[in-house]
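The structure file structure-v2.txt is reproduced below (compact mmCIF, C-alpha atoms).
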```txt
# COMPACT_ATOMS: atom_id res chain seq x y z
CA MET V 322 8.04 17.02 -10.42
CA ALA V 323 8.61 15.29 -7.08
CA ASP V 324 12.16 14.98 -5.73
CA ARG V 325 11.53 11.35 -4.98
CA PHE V 326 9.04 8.85 -6.33
CA ASP V 327 8.18 5.18 -6.31
CA ILE V 328 9.04 2.59 -8.91
CA PHE V 329 8.72 -1.17 -8.83
CA ILE V 330 11.73 -3.46 -9.07
CA ASN V 331 10.76 -7.09 -9.46
CA ASP V 332 7.31 -6.10 -8.20
CA ALA V 333 8.69 -4.62 -4.98
CA ASN V 334 8.06 -0.97 -4.23
CA VAL V 335 11.28 1.08 -4.25
CA THR V 336 11.58 4.83 -3.62
CA ILE V 337 14.25 6.58 -5.66
CA ASP V 338 15.52 10.11 -6.23
CA ALA V 339 14.04 11.73 -9.31
CA GLN V 340 17.40 11.84 -11.11
CA THR V 341 18.25 8.18 -10.48
CA THR V 342 19.43 6.22 -13.48
CA LEU V 343 18.45 2.64 -14.16
CA ALA V 344 21.92 1.45 -13.12
CA GLN V 345 21.70 3.37 -9.84
CA ALA V 346 18.21 2.07 -9.12
CA VAL V 347 19.20 -1.58 -9.39
CA ALA V 348 22.37 -0.90 -7.40
CA GLN V 349 20.09 0.40 -4.68
CA ILE V 350 18.63 -3.09 -4.24
CA LYS V 351 22.12 -4.64 -4.53
CA ALA V 352 21.39 -6.45 -7.79
CA GLN V 353 24.28 -8.68 -8.78
CA LEU V 354 25.82 -8.87 -12.23
CA PRO V 355 25.35 -10.37 -14.69
CA TYR V 356 21.76 -9.37 -15.32
CA VAL V 357 19.51 -8.12 -18.05
CA LEU V 358 17.22 -5.20 -17.22
CA LEU V 359 13.73 -4.54 -18.49
CA VAL V 360 11.80 -1.32 -18.03
CA ASN V 361 8.07 -1.74 -18.58
CA ASN V 362 8.73 -5.07 -20.27
CA GLN V 363 11.27 -3.65 -22.74
CA ILE V 364 14.88 -4.82 -22.64
CA VAL V 365 17.33 -1.99 -21.99
CA PRO V 366 20.73 -2.85 -23.50
CA ALA V 367 23.61 -2.83 -21.02
CA SER V 368 25.19 0.11 -22.83
CA LEU V 369 22.19 2.27 -21.86
CA HIS V 370 21.88 1.36 -18.17
CA THR V 371 23.79 4.42 -16.97
CA GLU V 372 21.89 6.88 -19.11
CA THR V 373 18.35 5.57 -18.83
CA MET V 374 16.25 7.72 -16.52
CA LEU V 375 13.22 6.33 -14.75
CA ASN V 376 9.72 7.70 -14.36
CA GLU V 377 7.31 7.33 -11.49
CA HIS V 378 5.68 3.89 -11.34
CA ASP V 379 8.06 2.41 -13.91
CA ARG V 380 8.32 -1.35 -13.61
CA VAL V 381 11.88 -2.67 -13.64
CA ASP V 382 12.73 -6.34 -13.92
CA VAL V 383 16.18 -7.65 -13.04
CA ILE V 384 16.71 -10.96 -14.80
CA SER V 385 19.62 -13.28 -14.15
CA ALA V 386 20.77 -16.81 -14.84
CA ILE V 387 19.25 -19.78 -13.10
CA GLN V 388 19.57 -23.51 -13.52
CA GLY V 389 17.69 -24.92 -16.48
CA GLY V 390 17.31 -28.07 -18.50
CA MET A 330 38.16 -37.01 -40.43
CA GLN A 331 36.91 -36.27 -36.93
CA ASP A 332 33.27 -37.10 -36.27
CA THR A 333 31.89 -33.92 -34.75
CA LEU A 334 28.52 -32.47 -33.83
CA ASN A 335 27.53 -29.44 -35.89
CA ILE A 336 25.45 -26.71 -34.25
CA TYR A 337 24.93 -23.92 -36.80
CA GLY A 338 28.52 -24.23 -37.95
CA THR A 339 30.08 -24.75 -34.52
CA GLU A 340 31.83 -28.12 -34.37
CA LEU A 341 31.76 -29.96 -31.07
CA LYS A 342 33.49 -33.16 -30.05
CA SER A 343 30.86 -34.31 -27.58
CA ARG A 344 27.41 -35.42 -28.71
CA LEU A 345 25.93 -34.91 -25.27
CA LEU A 346 24.30 -31.66 -24.17
CA ILE A 347 23.55 -31.32 -20.50
CA GLY A 348 21.16 -29.34 -18.34
CA SER A 349 22.15 -27.47 -15.20
CA ALA A 350 19.01 -28.06 -13.09
CA LEU A 351 17.90 -30.38 -10.29
CA TYR A 352 21.32 -31.34 -8.92
CA PRO A 353 21.69 -31.79 -5.17
CA SER A 354 24.27 -28.98 -5.03
CA ILE A 355 26.17 -26.53 -7.21
CA ASP A 356 29.34 -28.54 -6.65
CA VAL A 357 27.74 -31.81 -7.80
CA MET A 358 26.28 -29.96 -10.79
CA GLN A 359 29.68 -28.71 -11.81
CA GLN A 360 31.38 -32.07 -11.35
CA SER A 361 28.59 -33.89 -13.19
CA ILE A 362 28.78 -31.55 -16.15
CA LYS A 363 32.55 -32.06 -16.31
CA ALA A 364 32.14 -35.83 -16.08
CA SER A 365 29.62 -35.82 -18.92
CA GLU A 366 32.23 -34.22 -21.22
CA ALA A 367 29.38 -32.17 -22.71
CA GLY A 368 30.30 -29.15 -24.77
CA ILE A 369 27.00 -27.34 -24.27
CA VAL A 370 25.12 -26.60 -21.08
CA THR A 371 21.55 -25.34 -20.89
CA LEU A 372 20.36 -22.77 -18.40
CA SER A 373 17.48 -20.42 -17.89
CA MET A 374 16.54 -17.02 -16.50
CA SER A 375 14.37 -15.58 -13.77
CA ARG A 376 13.94 -12.44 -11.73
CA GLN A 377 16.80 -11.85 -9.36
CA ASN A 378 16.21 -11.41 -5.66
CA PRO A 379 19.53 -10.32 -4.19
CA GLN A 380 18.20 -10.09 -0.66
CA SER A 381 17.06 -13.70 -0.69
CA GLU A 382 19.07 -16.67 0.46
CA GLN A 383 17.81 -18.29 -2.74
CA SER A 384 20.06 -16.11 -4.84
CA GLN A 385 23.13 -17.57 -3.22
CA GLN A 386 22.14 -21.16 -2.61
CA GLY A 387 19.08 -21.85 -4.72
CA SER A 388 18.57 -22.30 -8.43
CA GLY A 389 20.49 -19.18 -9.38
CA GLY A 390 22.71 -16.54 -7.89
CA THR A 391 26.36 -15.74 -8.18
CA SER A 392 27.56 -19.14 -6.98
CA PHE A 393 25.62 -20.81 -9.77
CA TRP A 394 26.83 -18.33 -12.35
CA ASP A 395 30.44 -18.63 -11.23
CA ALA A 396 30.27 -22.42 -11.41
CA ILE A 397 28.82 -22.33 -14.94
CA ASN A 398 31.34 -19.74 -16.07
CA ASP A 399 34.24 -21.79 -14.74
CA LEU A 400 33.23 -24.68 -16.98
CA GLY A 401 33.93 -22.61 -20.10
CA LEU A 402 31.25 -24.36 -22.16
CA HIS A 403 28.88 -23.07 -24.80
CA LEU A 404 25.74 -21.73 -23.13
CA LEU A 405 22.30 -22.60 -24.44
CA PRO A 406 19.60 -20.47 -22.80
CA ASN A 407 16.12 -21.92 -22.84
CA THR A 408 12.63 -20.44 -22.86
CA ALA A 409 11.25 -22.97 -20.39
CA GLY A 410 7.80 -22.24 -19.00
CA CYS A 411 6.69 -19.98 -21.84
CA HIS A 412 3.12 -20.52 -22.98
CA SER A 413 2.83 -17.94 -25.76
CA VAL A 414 4.76 -16.69 -28.76
CA ASP A 415 5.31 -13.30 -27.10
CA GLN A 416 6.66 -14.83 -23.90
CA ALA A 417 9.03 -17.13 -25.75
CA VAL A 418 10.31 -14.44 -28.10
CA ASN A 419 10.89 -12.00 -25.25
CA MET A 420 12.68 -14.60 -23.18
CA ALA A 421 14.89 -15.48 -26.12
CA ARG A 422 15.82 -11.82 -26.46
CA MET A 423 16.64 -11.68 -22.74
CA GLY A 424 18.85 -14.72 -23.13
CA ARG A 425 20.75 -13.11 -25.97
CA GLU A 426 21.31 -9.95 -23.95
CA LEU A 427 22.28 -11.82 -20.78
CA PHE A 428 24.45 -14.59 -22.20
CA GLN A 429 25.71 -12.88 -25.34
CA THR A 430 24.69 -15.76 -27.58
CA ASP A 431 22.37 -16.11 -30.56
CA TRP A 432 21.60 -19.69 -29.62
CA VAL A 433 18.24 -20.38 -28.04
CA LYS A 434 16.59 -23.60 -26.97
CA LEU A 435 13.07 -22.62 -27.92
CA GLU A 436 10.47 -24.19 -25.67
CA LEU A 437 6.81 -23.33 -25.93
CA VAL A 438 4.50 -25.36 -23.73
CA GLY A 439 1.28 -26.52 -25.34
CA ASP A 440 -0.07 -28.71 -22.57
CA ASP A 441 0.66 -28.63 -18.87
CA PHE A 442 0.11 -32.35 -18.32
CA ASN A 443 2.93 -33.62 -20.50
CA LEU A 444 4.62 -30.29 -21.32
CA GLN A 445 4.12 -31.12 -24.98
CA PRO A 446 5.40 -28.36 -27.25
CA ASN A 447 2.76 -26.25 -28.98
CA PRO A 448 3.72 -26.95 -32.60
CA ILE A 449 1.77 -24.06 -34.12
CA ASP A 450 3.14 -21.36 -31.83
CA LEU A 451 6.57 -22.97 -31.99
CA VAL A 452 6.63 -22.40 -35.73
CA LYS A 453 5.48 -18.79 -35.30
CA ALA A 454 8.10 -18.01 -32.65
CA THR A 455 10.81 -19.76 -34.64
CA GLU A 456 10.09 -17.62 -37.69
CA ILE A 457 10.28 -14.40 -35.67
CA LEU A 458 13.52 -15.37 -33.97
CA LEU A 459 15.23 -16.61 -37.12
CA ASN A 460 14.40 -13.27 -38.75
CA GLU A 461 16.08 -11.54 -35.80
CA GLY A 462 19.26 -13.53 -36.37
CA PHE A 463 18.80 -16.14 -33.68
CA LYS A 464 20.10 -19.65 -34.13
CA VAL A 465 17.02 -21.49 -33.02
CA LEU A 466 17.12 -24.99 -31.53
CA PRO A 467 13.40 -25.77 -31.30
CA TYR A 468 12.10 -28.32 -28.81
CA CYS A 469 9.46 -30.14 -30.85
CA THR A 470 7.60 -33.41 -30.94
CA ASP A 471 8.65 -36.15 -33.33
CA ASP A 472 6.08 -35.00 -35.91
CA LEU A 473 7.62 -35.21 -39.37
CA VAL A 474 5.66 -32.35 -40.91
CA ILE A 475 6.32 -29.90 -38.09
CA ALA A 476 9.99 -30.80 -38.32
CA ARG A 477 9.96 -30.12 -42.04
CA THR A 478 8.28 -26.78 -41.49
CA LEU A 479 10.92 -25.77 -38.94
CA ILE A 480 13.71 -26.83 -41.28
CA GLU A 481 12.18 -25.00 -44.24
CA LEU A 482 12.04 -21.86 -42.11
CA GLY A 483 15.79 -22.13 -41.64
CA CYS A 484 16.41 -24.29 -38.57
CA GLU A 485 19.66 -26.21 -38.96
CA VAL A 486 18.92 -28.07 -35.74
CA ILE A 487 15.71 -29.66 -34.49
CA MET A 488 15.21 -31.15 -31.05
CA PRO A 489 12.39 -33.70 -30.99
CA TRP A 490 11.30 -35.34 -27.78
CA GLY A 491 11.91 -38.99 -27.08
CA SER A 492 9.13 -38.83 -24.51
CA PRO A 493 7.84 -36.00 -22.30
CA ILE A 494 10.25 -33.96 -20.19
CA GLY A 495 11.30 -35.61 -16.97
CA THR A 496 9.47 -38.91 -17.59
CA GLY A 497 12.52 -41.04 -18.31
CA LYS A 498 10.46 -43.22 -20.62
CA GLY A 499 13.04 -43.25 -23.39
CA ILE A 500 12.21 -43.27 -27.09
CA LEU A 501 8.46 -43.92 -27.23
CA ASN A 502 8.29 -43.87 -31.02
CA PRO A 503 11.52 -45.13 -32.58
CA TYR A 504 9.84 -45.26 -35.98
CA ALA A 505 9.16 -41.52 -35.89
CA ILE A 506 12.73 -40.71 -34.90
CA GLN A 507 14.08 -42.95 -37.62
CA ALA A 508 11.77 -41.26 -40.12
CA LEU A 509 13.16 -37.86 -39.14
CA ARG A 510 16.67 -39.17 -39.76
CA GLU A 511 15.70 -40.63 -43.12
CA ARG A 512 13.92 -37.51 -44.31
CA PHE A 513 16.37 -34.92 -43.01
CA PRO A 514 19.86 -36.36 -43.41
CA ASP A 515 21.51 -32.92 -43.38
CA THR A 516 19.75 -31.52 -40.31
CA THR A 517 21.24 -31.87 -36.85
CA ILE A 518 18.76 -33.88 -34.78
CA ILE A 519 19.03 -33.81 -31.00
CA ILE A 520 16.77 -35.85 -28.74
CA ASP A 521 15.80 -33.32 -26.12
CA SER A 522 13.69 -35.06 -23.51
CA GLY A 523 12.59 -38.32 -21.99
CA ILE A 524 15.94 -40.07 -21.82
CA GLY A 525 15.95 -41.95 -18.52
CA LYS A 526 18.94 -44.24 -18.68
CA PRO A 527 22.09 -44.72 -20.72
CA SER A 528 20.59 -47.50 -22.84
CA HIS A 529 17.91 -45.05 -24.03
CA ALA A 530 20.66 -42.70 -25.17
CA THR A 531 22.47 -45.48 -26.96
CA GLN A 532 19.26 -46.58 -28.67
CA ALA A 533 18.58 -43.05 -29.87
CA MET A 534 22.11 -42.66 -31.19
CA GLU A 535 21.84 -46.03 -32.95
CA LEU A 536 18.73 -44.68 -34.68
CA GLY A 537 20.99 -42.05 -36.16
CA VAL A 538 20.28 -38.89 -34.18
CA ASP A 539 23.22 -36.57 -33.84
CA ALA A 540 23.14 -35.87 -30.12
CA ILE A 541 21.29 -36.20 -26.85
CA LEU A 542 20.25 -33.41 -24.49
CA LEU A 543 19.41 -34.53 -20.99
CA ASN A 544 19.26 -33.32 -17.44
CA THR A 545 17.00 -35.23 -15.04
CA ALA A 546 18.47 -38.67 -15.67
CA ILE A 547 21.85 -37.44 -14.47
CA ALA A 548 20.80 -34.91 -11.86
CA LYS A 549 18.34 -37.25 -10.16
CA ALA A 550 20.57 -40.31 -10.13
CA ASN A 551 21.83 -41.47 -6.74
CA HIS A 552 25.33 -40.72 -8.00
CA PRO A 553 25.02 -37.97 -10.61
CA ILE A 554 28.73 -37.73 -11.38
CA GLN A 555 29.01 -41.44 -12.08
CA MET A 556 25.81 -41.37 -14.11
CA ALA A 557 27.23 -38.53 -16.19
CA GLN A 558 30.19 -40.75 -17.04
CA ALA A 559 27.79 -43.56 -17.97
CA PHE A 560 25.89 -41.29 -20.34
CA ALA A 561 29.08 -40.03 -21.97
CA LYS A 562 30.03 -43.61 -22.77
CA ALA A 563 26.51 -44.56 -23.85
CA VAL A 564 26.24 -41.71 -26.31
CA GLU A 565 29.65 -42.48 -27.75
CA ALA A 566 28.80 -46.19 -28.04
CA GLY A 567 25.57 -45.44 -29.88
CA ARG A 568 27.30 -43.10 -32.29
CA LEU A 569 30.08 -45.59 -33.02
CA ALA A 570 27.48 -48.28 -33.63
CA TYR A 571 25.49 -46.09 -36.01
CA THR A 572 28.52 -45.06 -38.04
CA SER A 573 29.84 -48.63 -38.08
CA GLY A 574 26.79 -49.94 -39.92
CA MET A 575 24.85 -52.46 -37.88
CA MET A 576 24.03 -56.01 -39.01
CA ILE A 577 20.68 -56.75 -40.58
CA GLU A 578 18.22 -58.37 -38.19
CA SER A 579 17.14 -61.87 -39.22
CA GLU A 580 14.28 -64.19 -38.30
CA SER A 581 16.41 -67.32 -38.61
CA ALA A 582 19.50 -68.24 -36.65
CA SER A 583 22.87 -68.72 -38.25
CA PRO A 584 25.96 -70.01 -36.46
CA SER A 585 28.77 -67.63 -35.81
CA THR A 586 31.30 -70.43 -35.44
CA PRO A 587 32.19 -72.27 -38.68
CA THR A 588 30.92 -75.88 -38.58
CA ILE A 589 32.39 -77.25 -41.79
CA ASP A 590 35.12 -79.84 -41.16
CA GLN A 591 34.27 -80.31 -37.54
CA PRO A 592 34.99 -83.98 -36.66
CA PHE A 593 31.29 -84.82 -36.40
CA TRP A 594 30.31 -82.97 -39.57
CA HIS A 595 27.53 -84.82 -41.41
CA GLN A 596 27.05 -87.14 -38.43
CA ILE A 597 24.30 -85.28 -36.59
CA ASP A 598 21.10 -84.16 -38.22
CA TYR A 599 18.59 -82.28 -36.12
```

Could you take the file, read its structure, and then write that structure out as structure tokens?
Amino acid sequence: MADRFDIFINDANVTIDAQTTLAQAVAQIKAQLPYVLLVNNQIVPASLHTETMLNEHDRVDVISAIQGG
Amino acid sequence: MQDTLNIYGTELKSRLLIGSALYPSIDVMQQSIKASEAGIVTLSMSRQNPQSEQSQQGSGGTSFWDAINDLGLHLLPNTAGCHSVDQAVNMARMGRELFQTDWVKLELVGDDFNLQPNPIDLVKATEILLNEGFKVLPYCTDDLVIARTLIELGCEVIMPWGSPIGTGKGILNPYAIQALRERFPDTTIIIDSGIGKPSHATQAMELGVDAILLNTAIAKANHPIQMAQAFAKAVEAGRLAYTSGMMIESESASPSTPTIDQPFWHQIDY
């Protein structure tokens, strides 16, 4: 297994260490709380952010609040 | 007894719900929401881009979130822009995770011209979400049968349109709204779109709906804060009128001032 590999965060290519958790990966792009995280379109509960490991080419979405009517 | 708005058991003093979009600035948004005296504010979700200026100054970002949080209101996440059951259900789940609320303003677009809700998929998504414990506030048309279906599924609140989102045309079909009130006296009915001016809100409240949800009419006014005050008063006026019992309309005139025993009584005959 490679030491580093690529994932996608909000469609942008991001290279991470193989042992990077989901929480560490989104910190790497300076994501700001509060957010909800999806990995491959599945919501990952906040309680699992620090223990969820990522695989090569995983797609992560960082979703946060915006204005809405 | 206090006259309150009931949203799935939560009692609220204000009968105005307000959106958080389209304001000229975050500061004006916050002041307008305060001026409206609304107890519920709607908001939405999108992908975050921390490296973008947009996240700080645009439609989202920490400044927006801080301003909303400071208000201390009930949050009502929407599923705006969803075109399928899967999209809407997933977005509702994101809203629950992000905002820690079971409430969802369920929007499912059926037509891009007038943003009319897709009634068939709306029912499907509502059923799924109710089964997952959501408290669904479905944005629907004023169709009586769709409304009944939503209520029979378990919706305690329905949110029919007055007219399409952002048009400001007011209540296009007062008969349909009145029919909803007649048929579903125990369901909370909120007019969710099309209100363009305070008199529209008053008219809707006089028809007996329980509350008004609006955004554009305040946010796009020349003076949003002042307009928010106007809407707060208009909604209250309409509610007071409805609960007061309005006079019966008549085809013939009748004097409001007593004429018997006036000095010229019996002297003039038109």

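Those residues of chain A that fall within 7 Å of chain V when using all atoms listed in the file read Gly348, Ser349, Ala350, Thr371, Leu372, Ser373, Met374, Ser375, Arg376, Gln377, Pro379, Ser388, Gly389, Trp394, Met423, Glu426, Leu427 and Asn544 of chain A.
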
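Taking CA of Arg510 in chain A as the reference point, CA of Thr333 in chain A is found at 16.9 Å.
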
How many Å lie between CA of Val418 in chain A and CA of Leu458 in chain A, rounded to one decimal? 6.8 Å

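Of note, CA of Asp324 in chain V and CA of Asp379 in chain V are spaced 15.5 Å apart.
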
Here's a test: counting only C-alpha atoms, identify every protein, DNA and RNA residue with an atom at most 12 Å from (11.7, -15.7, -27.9) in the file's coordinate frame, and state them as an MDAnalysis selection string. chainID A and resid 406:426 431:437 450:467

Report as a PDB file with C-alpha atoms, keeping the file's coordinate frame all protein, DNA and RNA residues lying within 12 Å of Lys363 in chain A, evaluated on only C-alpha atoms, omitting residues in the same chain fewer than 2 positions from it.
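New file part-v2.pdb:
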```
ATOM      1  CA  SER A 343      30.860 -34.310 -27.580  1.00  0.00           C
ATOM      2  CA  LEU A 345      25.930 -34.910 -25.270  1.00  0.00           C
ATOM      3  CA  LEU A 346      24.300 -31.660 -24.170  1.00  0.00           C
ATOM      4  CA  ILE A 347      23.550 -31.320 -20.500  1.00  0.00           C
ATOM      5  CA  GLY A 348      21.160 -29.340 -18.340  1.00  0.00           C
ATOM      6  CA  SER A 349      22.150 -27.470 -15.200  1.00  0.00           C
ATOM      7  CA  ASP A 356      29.340 -28.540  -6.650  1.00  0.00           C
ATOM      8  CA  VAL A 357      27.740 -31.810  -7.800  1.00  0.00           C
ATOM      9  CA  MET A 358      26.280 -29.960 -10.790  1.00  0.00           C
ATOM     10  CA  GLN A 359      29.680 -28.710 -11.810  1.00  0.00           C
ATOM     11  CA  GLN A 360      31.380 -32.070 -11.350  1.00  0.00           C
ATOM     12  CA  SER A 361      28.590 -33.890 -13.190  1.00  0.00           C
ATOM     13  CA  SER A 365      29.620 -35.820 -18.920  1.00  0.00           C
ATOM     14  CA  GLU A 366      32.230 -34.220 -21.220  1.00  0.00           C
ATOM     15  CA  ALA A 367      29.380 -32.170 -22.710  1.00  0.00           C
ATOM     16  CA  GLY A 368      30.300 -29.150 -24.770  1.00  0.00           C
ATOM     17  CA  ILE A 369      27.000 -27.340 -24.270  1.00  0.00           C
ATOM     18  CA  VAL A 370      25.120 -26.600 -21.080  1.00  0.00           C
ATOM     19  CA  ALA A 396      30.270 -22.420 -11.410  1.00  0.00           C
ATOM     20  CA  ILE A 397      28.820 -22.330 -14.940  1.00  0.00           C
ATOM     21  CA  ASP A 399      34.240 -21.790 -14.740  1.00  0.00           C
ATOM     22  CA  LEU A 400      33.230 -24.680 -16.980  1.00  0.00           C
ATOM     23  CA  GLY A 401      33.930 -22.610 -20.100  1.00  0.00           C
ATOM     24  CA  LEU A 402      31.250 -24.360 -22.160  1.00  0.00           C
ATOM     25  CA  PRO A 553      25.020 -37.970 -10.610  1.00  0.00           C
ATOM     26  CA  ILE A 554      28.730 -37.730 -11.380  1.00  0.00           C
ATOM     27  CA  GLN A 555      29.010 -41.440 -12.080  1.00  0.00           C
ATOM     28  CA  MET A 556      25.810 -41.370 -14.110  1.00  0.00           C
ATOM     29  CA  ALA A 557      27.230 -38.530 -16.190  1.00  0.00           C
ATOM     30  CA  GLN A 558      30.190 -40.750 -17.040  1.00  0.00           C
ATOM     31  CA  ALA A 561      29.080 -40.030 -21.970  1.00  0.00           C
TER      32      ALA A 561
END
```

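Nearest to Arg344 in chain A of all the residues A:Thr517, A:Ser492, A:Asn443, A:Thr391 is A:Thr517, based on only C-alpha atoms.
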
Please identify all polymer residues within 6 Å of His370 in chain V, counting all atoms listed in the file, omitting same-chain residues fewer than 2 positions from it, and present them as a PyMOL selection string. chain V and resi 343-344+367-368+372-373
